[in-house]
Amino acid sequence: MLPDLIAFQRQFVAAIDRPAIGPLAVYRNTVIHGAVEALRSNYPVVEQIVGDEMFEAIAVEYSSAHPPKSPVLALYGDEFADWLSQQNWIADLSYLPDVARVERLHVEALMAADEEPLVAAGNLELSGLRLKLHPAVRFNWLQTPAMSIWLAHQRPLPSTIEPNWKPEGALFARPSPFEMHTPRIGAAAHRILFGIRLGERVGQSLAAAARLYPDENGEAIFVSLLNLGVFAQPSPGRN
Amino acid sequence: MTPTAGLGFKPQHFSDAMSSPAVGLWFEVHAENYMVDGGPRLAMLEELRRDRLLSLHGVSLSLGNAAEPDRDHLAALKRLVDRFEPALVSEHLAWSRFDGRSFPDLLPLPRTNEVLARFSANIGQVQDALRREILIENPTHYLPLNQHRWSETSFLRELARRSGCKLLIDVNNVAVGANNIGFDAASWLLDIPPKLVGEIHLAGHSHDAGGTLLIDSHDEPVSELVWSLYEGFIGRIGPRPTLIERDGNVPSFGELLGERERAQAILDGGLRLAA
């Protein structure tokens with residue numbers, strides 16, 4: 001089992017894991033740079049909010065706390081939002097971990113599997129069905145207006161962003177490779193999606209949403225979710 | 001594969017790449033960037049592949065480990081090879097995984113008999129899984145190691161003899177390594193038999209802040225030193241598919257195409273010599 005090689009590798013890793021000079025510093029910097037750049041491309045809005053210098057410092061720290069396990073860096077940083085929420089400087093930027101959560105939903109939806117979504121058909125009776133979500137759908141409920149902040153950063157920045165400071169939902173749906181829907185969603189839409197993900201029948205989810213949020217039109221919300229390509233085609237024999 | 005010059009594909013160049021009329025232009029991508037389930041990346045690569053040849057360049061299979069290549073990673077590579085049918089598939093004489101971690105770099109290995117045996121067995125496993133020949137690239141060097149028992153060129157030749165792989169010669173890595181650990185780049189290249197060379201990489205390098213090291217940073221145009229080594233190499237071995245690599249300070253597609261045309265002109269000269 002090549003004990004000499006393993007001993008060499010162990011020693012090499014230990015040497016580049018601590019501050020180094022000369023050749024070892026080149027390896028160390030390249031390893032850190034790779035993780036930092038991967039994080040930067042997965043969390044561009046967090047970077048815009050804190051600035052590139054601070055982002056770099058944060059990313060270096062994160063990468064030493066959570067070095068890449070997989071060589072597929074397209075999905076690096078899955079613990080970034082939780083890690084941010086534990087940093088002692090985060091108190092002033094309490095919405096930042098939520099913005100990172102939104103960015104994570106975006107990245108996951110981008111890289112998820114492709115599939116034809118379920119499309120609305122006039123005579124299709126869905127209320128008795130247990131639907132599955134489309135593979136490239138991600139959603140979450142956030143305690144801060146992080147989705148509004150994320151959306152504001154998708155276009156040339158206004159000088160100030162003044163979101164309505166209350167909880168809101170984020171939905172990412174990518175029904176085909178180049179088509180991404182990114183609406184902010186309300187509590188009823190979130191309840192419907194959550195229920196369907198849990199395996200409730202469509203009718204059950206809609207009834208629960210109607211009881212909890214009587215002011216919202218669950219049927220209309222369901223139709224708009226359907227039109228965004230949020231559901232997978234039912235597989236024959238399921239239900 | 002016709003020995004023309006290609007470019008590393010950058011998603012921001014997608015529409016330029018699709019509409020470019022350049023004859024013989026092909027594209028190389030890092031396999032790991034496409035090991036995702038779906039989405040725009042894979043869809044873009046599929047469109048590109050419809051018109052152009054592709055080279056799949058692996059950067060983290062970590063063939064220089066004490067164990068066999070990671071099964072899941074190899075399976076993901078095979079899915080890409082099956083889907084995109086690349087003209088070339090390559091990996092590195094390096095390691096990048098250890099103890100459950102993945103290092104975004106190509107780390108050096110001691111060239112011993114034991115490592116040679118393991119490494120060539122690992123290449124064999126990859127070639128068996130992919131059912132095709134792969135190319136192995138010479139890494140860049142920063143650190144002289146006293147554990148080596150083989151010179152790099154004899155190690156590469158022996159790997160090719162044992163496994164049946166071919167070589168991807170990165171001329172910039174040779175130039176950078178020659179500067180950093182002290183050997184002669186032209187003699188190194190002379191030590192590589194023409195029949196083993198399946199592809200060539202050209203890239204730019206930068207200078208270590210304040211130090212004497214060159215860094216294989218891929219963030220500059222190809223240096224004149226590397227162009228001249230390349231021209232000599234092609235003059236000796238004949239034309240080979242040649243890639244312009246650029247990963248940092250990525251310029252416009254047109255600027256990269258300019259470098260690519262310079263390589264193509266050298267290849268055309270080599271073709272005339274060969275004919």
# chains A, B, ... in the order shown; residues from 1 in each chain; ligands from 1
$ closest_atom_pairs --of "chain A" --to "chain B" --cutoff "8 Å" --atoms "only C-alpha atoms" --output "CSV"
residue,atom,partner,partner_atom,distance
A:Met1,CA,B:Ala66,CA,6.1
A:Leu2,CA,B:Ala66,CA,5.7
A:Leu5,CA,B:Ala66,CA,6.6
A:Ile6,CA,B:Ala66,CA,6.6
A:Gln9,CA,B:Phe98,CA,7.4
A:Arg10,CA,B:Phe98,CA,7.9
A:Gly22,CA,B:Gly211,CA,7.7
A:Pro23,CA,B:Tyr142,CA,5.1
A:Leu24,CA,B:Leu143,CA,7.4
A:Val26,CA,B:Ile215,CA,7.6
A:Tyr27,CA,B:Asp105,CA,7.2
A:Thr30,CA,B:Asp105,CA,6.3
A:Val31,CA,B:Pro104,CA,5.1
A:Ile32,CA,B:Pro104,CA,7.9
A:Gly34,CA,B:Pro104,CA,5.3
A:Ala35,CA,B:Pro104,CA,7.0
A:Pro67,CA,B:Arg101,CA,6.9
A:Pro68,CA,B:Ser102,CA,5.5
A:Lys69,CA,B:Arg101,CA,4.4
A:Ser70,CA,B:Ser102,CA,5.6
A:Pro71,CA,B:Ser102,CA,5.5
A:Val72,CA,B:Glu32,CA,5.4
A:Leu73,CA,B:Asn33,CA,7.3
A:Ala74,CA,B:Asn33,CA,6.4
A:Leu110,CA,B:Gly39,CA,5.4
A:Met111,CA,B:Gly39,CA,5.2
A:Ala112,CA,B:Asp37,CA,5.1
A:Ala113,CA,B:Gly38,CA,4.2
A:Asp114,CA,B:Gly38,CA,5.2
A:Ser176,CA,B:Gly39,CA,7.4
A:Pro177,CA,B:Gly39,CA,4.4
A:Phe178,CA,B:Pro40,CA,5.5
$ residues_around --residues "Leu202 (chain B)" --least-positions-apart "4" --cutoff "10 Å" --atoms "only C-alpha atoms" --output "short mmCIF file (atom, residue, chain, number, x, y, z; two decimals) with N, CA, C and O atoms, in the first residue's frame"
data_model
loop_
_atom_site.label_atom_id
_atom_site.label_comp_id
_atom_site.auth_asym_id
_atom_site.auth_seq_id
_atom_site.Cartn_x
_atom_site.Cartn_y
_atom_site.Cartn_z
N LEU B 7 -8.81 25.98 -28.13
CA LEU B 7 -8.88 26.93 -27.02
C LEU B 7 -9.59 26.30 -25.83
O LEU B 7 -10.51 25.50 -26.01
N ILE B 169 2.07 17.11 -23.51
CA ILE B 169 3.24 17.87 -23.08
C ILE B 169 2.86 19.34 -22.91
O ILE B 169 2.46 20.00 -23.86
N ASP B 170 2.95 19.81 -21.67
CA ASP B 170 2.67 21.21 -21.39
C ASP B 170 3.99 21.97 -21.42
O ASP B 170 4.83 21.83 -20.52
N VAL B 171 4.19 22.73 -22.50
CA VAL B 171 5.48 23.39 -22.71
C VAL B 171 5.70 24.48 -21.65
O VAL B 171 6.83 24.70 -21.19
N ASN B 172 4.62 25.14 -21.24
CA ASN B 172 4.77 26.14 -20.18
C ASN B 172 5.21 25.49 -18.87
O ASN B 172 6.05 26.03 -18.15
N ASN B 173 4.65 24.32 -18.56
CA ASN B 173 5.07 23.63 -17.34
C ASN B 173 6.55 23.28 -17.39
O ASN B 173 7.24 23.34 -16.36
N HIS B 218 -1.55 30.75 -15.70
CA HIS B 218 -2.52 30.77 -16.82
C HIS B 218 -3.29 32.08 -16.88
O HIS B 218 -4.43 32.10 -17.30
N PRO B 221 -0.82 36.08 -21.50
CA PRO B 221 -0.60 35.44 -22.80
C PRO B 221 0.62 34.50 -22.73
O PRO B 221 1.46 34.63 -21.84
N VAL B 222 0.70 33.58 -23.66
CA VAL B 222 1.84 32.66 -23.74
C VAL B 222 3.12 33.50 -23.91
O VAL B 222 3.17 34.45 -24.69
N SER B 223 4.17 33.13 -23.15
CA SER B 223 5.41 33.93 -23.18
C SER B 223 6.23 33.62 -24.43
O SER B 223 6.10 32.54 -25.02
N VAL B 226 8.14 30.40 -24.21
CA VAL B 226 7.35 29.20 -24.47
C VAL B 226 7.07 29.05 -25.96
O VAL B 226 7.14 27.94 -26.52
N TRP B 227 6.80 30.17 -26.65
CA TRP B 227 6.59 30.09 -28.11
C TRP B 227 7.82 29.51 -28.79
O TRP B 227 7.72 28.69 -29.71
N TYR B 230 8.15 25.86 -28.13
CA TYR B 230 7.09 25.16 -28.86
C TYR B 230 7.46 25.00 -30.34
O TYR B 230 7.32 23.93 -30.92
N THR B 242 -2.87 21.36 -30.37
CA THR B 242 -2.23 22.29 -29.43
C THR B 242 -3.28 23.20 -28.81
O THR B 242 -4.09 23.80 -29.52
N LEU B 243 -3.25 23.31 -27.49
CA LEU B 243 -4.25 24.10 -26.77
C LEU B 243 -3.64 25.36 -26.18
O LEU B 243 -2.60 25.32 -25.55
N ILE B 244 -4.34 26.49 -26.38
CA ILE B 244 -4.02 27.71 -25.64
C ILE B 244 -4.89 27.69 -24.37
O ILE B 244 -6.11 27.71 -24.44
N GLU B 245 -4.22 27.64 -23.22
CA GLU B 245 -4.93 27.59 -21.93
C GLU B 245 -4.95 28.99 -21.32
O GLU B 245 -3.91 29.64 -21.25
N ARG B 246 -6.12 29.40 -20.85
CA ARG B 246 -6.20 30.67 -20.15
C ARG B 246 -7.26 30.55 -19.06
O ARG B 246 -8.42 30.26 -19.36
N GLU B 259 -3.93 34.32 -30.30
CA GLU B 259 -2.88 33.40 -29.84
C GLU B 259 -3.03 32.04 -30.50
O GLU B 259 -2.06 31.38 -30.86
N ARG B 260 -4.26 31.65 -30.65
CA ARG B 260 -4.54 30.35 -31.27
C ARG B 260 -4.07 30.35 -32.73
O ARG B 260 -3.53 29.36 -33.21
N ALA B 263 -0.35 29.73 -32.90
CA ALA B 263 -0.04 28.30 -32.77
C ALA B 263 -0.37 27.57 -34.06
O ALA B 263 0.40 26.72 -34.52
#
$ select_by_dssp --residues "region 157-192 of chain B" --states "strand (DSSP E)" --output "list in words"
Lys166, Leu167, Leu168, Ile169 and Asp170 of chain B
$ residues_around --residues "Leu39 (chain A)" --least-positions-apart "4" --cutoff "12 Å" --atoms "only C-alpha atoms" --output "ChimeraX atom specification"
/A:32-35,43-47,52,55-63,66-68,73-81,100,103-104,107
$ residues_around --residues "region 185-200 of chain A" --least-positions-apart "2" --cutoff "8 Å" --atoms "only C-alpha atoms" --output "ChimeraX atom specification"
/A:130-133,139-141,168-171,183,202,204-206,208-210,212-213,216,218,221-222
$ closest_residue --among "B:Pro69, B:Gly177, B:Pro139, B:Pro21" --to "Val126 (chain B)" --atoms "only C-alpha atoms"
B:Pro69
$ closest_residue --among "B:Ser120, B:Ser55, B:Asn138, B:Ser252" --to "Val176 (chain B)" --atoms "only C-alpha atoms"
B:Asn138
$ atom_distance --atom1 "CA of Gln48 (chain A)" --atom2 "CA of Pro11 (chain B)"
21.2 Å
$ select_by_dssp --residues "region 11-239 of chain A" --states "helix (DSSP H, G or I)" --output "number ranges by chain"
A: 11-17, 23-42, 44-50, 52-65, 73-75, 80-85, 88-93, 96-111, 146-152, 187-198, 202-212, 218-227
$ atom_distance --atom1 "CA of Thr153 (chain B)" --atom2 "CA of Ala121 (chain B)"
18.5 Å
$ atom_distance --atom1 "CA of Glu219 (chain A)" --atom2 "CA of Asn164 (chain A)"
25.7 Å
$ residues_around --residues "Val119 (chain A)" --least-positions-apart "3" --cutoff "9 Å" --atoms "only C-alpha atoms" --output "PyMOL selection string"
chain A and resi 116+226-229+231-233
$ closest_residue --among "A:Pro135, A:Asn29, A:Gln143, A:Trp150" --to "Lys166 (chain A)" --atoms "only C-alpha atoms"
A:Gln143
$ decode --residues "region 128-177 of chain A" --atoms "N, CA and C atoms" --output "short mmCIF file (atom, residue, chain, number, x, y, z; two decimals), in the first residue's frame"
data_model
loop_
_atom_site.label_atom_id
_atom_site.label_comp_id
_atom_site.auth_asym_id
_atom_site.auth_seq_id
_atom_site.Cartn_x
_atom_site.Cartn_y
_atom_site.Cartn_z
N GLY A 128 -56.41 14.89 -6.65
CA GLY A 128 -56.23 13.62 -5.95
C GLY A 128 -54.84 13.04 -6.07
N LEU A 129 -53.97 13.70 -6.83
CA LEU A 129 -52.64 13.13 -7.10
C LEU A 129 -51.60 13.55 -6.07
N ARG A 130 -50.64 12.66 -5.86
CA ARG A 130 -49.42 13.04 -5.13
C ARG A 130 -48.38 13.39 -6.19
N LEU A 131 -48.09 14.64 -6.33
CA LEU A 131 -47.12 15.08 -7.35
C LEU A 131 -45.71 15.06 -6.77
N LYS A 132 -44.75 14.95 -7.66
CA LYS A 132 -43.35 15.12 -7.23
C LYS A 132 -42.86 16.46 -7.76
N LEU A 133 -41.95 17.07 -7.01
CA LEU A 133 -41.37 18.32 -7.51
C LEU A 133 -40.41 18.00 -8.66
N HIS A 134 -40.30 18.93 -9.59
CA HIS A 134 -39.32 18.84 -10.67
C HIS A 134 -37.91 18.81 -10.03
N PRO A 135 -36.96 18.05 -10.61
CA PRO A 135 -35.65 17.94 -9.96
C PRO A 135 -34.90 19.28 -9.81
N ALA A 136 -35.17 20.25 -10.69
CA ALA A 136 -34.45 21.52 -10.60
C ALA A 136 -35.30 22.59 -9.89
N VAL A 137 -36.04 22.18 -8.87
CA VAL A 137 -36.81 23.13 -8.05
C VAL A 137 -36.20 23.19 -6.65
N ARG A 138 -35.97 24.39 -6.16
CA ARG A 138 -35.50 24.58 -4.78
C ARG A 138 -36.31 25.73 -4.18
N PHE A 139 -36.69 25.60 -2.93
CA PHE A 139 -37.40 26.70 -2.29
C PHE A 139 -37.09 26.71 -0.80
N ASN A 140 -37.34 27.83 -0.15
CA ASN A 140 -37.08 27.94 1.27
C ASN A 140 -37.89 29.10 1.83
N TRP A 141 -38.10 29.10 3.13
CA TRP A 141 -38.75 30.20 3.83
C TRP A 141 -37.71 30.89 4.69
N LEU A 142 -37.61 32.20 4.56
CA LEU A 142 -36.52 32.93 5.22
C LEU A 142 -37.08 33.96 6.20
N GLN A 143 -36.38 34.16 7.28
CA GLN A 143 -36.85 35.08 8.32
C GLN A 143 -36.55 36.54 7.97
N THR A 144 -35.78 36.76 6.92
CA THR A 144 -35.44 38.12 6.49
C THR A 144 -35.82 38.26 5.00
N PRO A 145 -35.91 39.49 4.49
CA PRO A 145 -36.28 39.64 3.06
C PRO A 145 -35.10 39.34 2.13
N ALA A 146 -34.45 38.19 2.35
CA ALA A 146 -33.23 37.87 1.61
C ALA A 146 -33.48 37.67 0.12
N MET A 147 -34.68 37.16 -0.21
CA MET A 147 -34.97 36.95 -1.64
C MET A 147 -35.14 38.30 -2.34
N SER A 148 -35.77 39.25 -1.64
CA SER A 148 -35.91 40.59 -2.23
C SER A 148 -34.53 41.20 -2.45
N ILE A 149 -33.64 40.99 -1.49
CA ILE A 149 -32.29 41.53 -1.61
C ILE A 149 -31.57 40.85 -2.77
N TRP A 150 -31.71 39.54 -2.86
CA TRP A 150 -31.09 38.79 -3.97
C TRP A 150 -31.61 39.30 -5.31
N LEU A 151 -32.95 39.46 -5.40
CA LEU A 151 -33.56 39.91 -6.66
C LEU A 151 -33.05 41.30 -7.03
N ALA A 152 -32.91 42.18 -6.04
CA ALA A 152 -32.44 43.54 -6.32
C ALA A 152 -31.02 43.52 -6.88
N HIS A 153 -30.25 42.50 -6.54
CA HIS A 153 -28.87 42.41 -7.03
C HIS A 153 -28.76 41.75 -8.40
N GLN A 154 -29.89 41.34 -8.96
CA GLN A 154 -29.83 40.71 -10.28
C GLN A 154 -29.88 41.73 -11.41
N ARG A 155 -30.15 43.00 -11.06
CA ARG A 155 -30.16 44.04 -12.09
C ARG A 155 -29.23 45.16 -11.61
N PRO A 156 -28.89 46.08 -12.51
CA PRO A 156 -28.00 47.16 -12.07
C PRO A 156 -28.52 47.76 -10.77
N LEU A 157 -27.62 47.90 -9.81
CA LEU A 157 -28.04 48.23 -8.45
C LEU A 157 -28.66 49.62 -8.30
N PRO A 158 -29.84 49.69 -7.69
CA PRO A 158 -30.33 51.00 -7.27
C PRO A 158 -29.43 51.49 -6.12
N SER A 159 -29.45 52.77 -5.84
CA SER A 159 -28.52 53.26 -4.81
C SER A 159 -28.89 52.73 -3.43
N THR A 160 -30.18 52.51 -3.19
CA THR A 160 -30.57 51.90 -1.92
C THR A 160 -31.58 50.80 -2.18
N ILE A 161 -31.54 49.81 -1.33
CA ILE A 161 -32.56 48.76 -1.39
C ILE A 161 -33.36 48.89 -0.11
N GLU A 162 -34.69 49.04 -0.26
CA GLU A 162 -35.51 49.14 0.94
C GLU A 162 -36.57 48.06 0.95
N PRO A 163 -36.17 46.84 1.26
CA PRO A 163 -37.16 45.76 1.28
C PRO A 163 -38.09 45.90 2.47
N ASN A 164 -39.25 45.32 2.31
CA ASN A 164 -40.19 45.25 3.42
C ASN A 164 -39.64 44.22 4.41
N TRP A 165 -39.30 44.70 5.64
CA TRP A 165 -38.51 43.85 6.54
C TRP A 165 -39.36 42.80 7.25
N LYS A 166 -39.71 41.74 6.53
CA LYS A 166 -40.47 40.65 7.15
C LYS A 166 -40.11 39.34 6.44
N PRO A 167 -40.49 38.21 7.04
CA PRO A 167 -40.15 36.92 6.42
C PRO A 167 -40.75 36.78 5.02
N GLU A 168 -40.10 36.00 4.18
CA GLU A 168 -40.62 35.75 2.83
C GLU A 168 -40.04 34.44 2.31
N GLY A 169 -40.61 33.97 1.21
CA GLY A 169 -40.15 32.72 0.62
C GLY A 169 -39.38 32.96 -0.67
N ALA A 170 -38.53 32.00 -1.01
CA ALA A 170 -37.75 32.07 -2.24
C ALA A 170 -37.99 30.79 -3.02
N LEU A 171 -38.23 30.94 -4.31
CA LEU A 171 -38.42 29.77 -5.18
C LEU A 171 -37.53 29.88 -6.41
N PHE A 172 -36.85 28.80 -6.72
CA PHE A 172 -36.08 28.70 -7.97
C PHE A 172 -36.61 27.49 -8.74
N ALA A 173 -37.03 27.72 -9.97
CA ALA A 173 -37.53 26.63 -10.80
C ALA A 173 -36.86 26.73 -12.17
N ARG A 174 -36.25 25.64 -12.60
CA ARG A 174 -35.56 25.65 -13.89
C ARG A 174 -36.11 24.50 -14.75
N PRO A 175 -37.26 24.74 -15.41
CA PRO A 175 -37.92 23.66 -16.14
C PRO A 175 -37.15 23.19 -17.38
N SER A 176 -36.25 24.01 -17.92
CA SER A 176 -35.40 23.56 -19.03
C SER A 176 -34.02 24.17 -18.80
N PRO A 177 -32.99 23.70 -19.54
CA PRO A 177 -31.62 24.11 -19.18
C PRO A 177 -31.40 25.62 -19.08
#
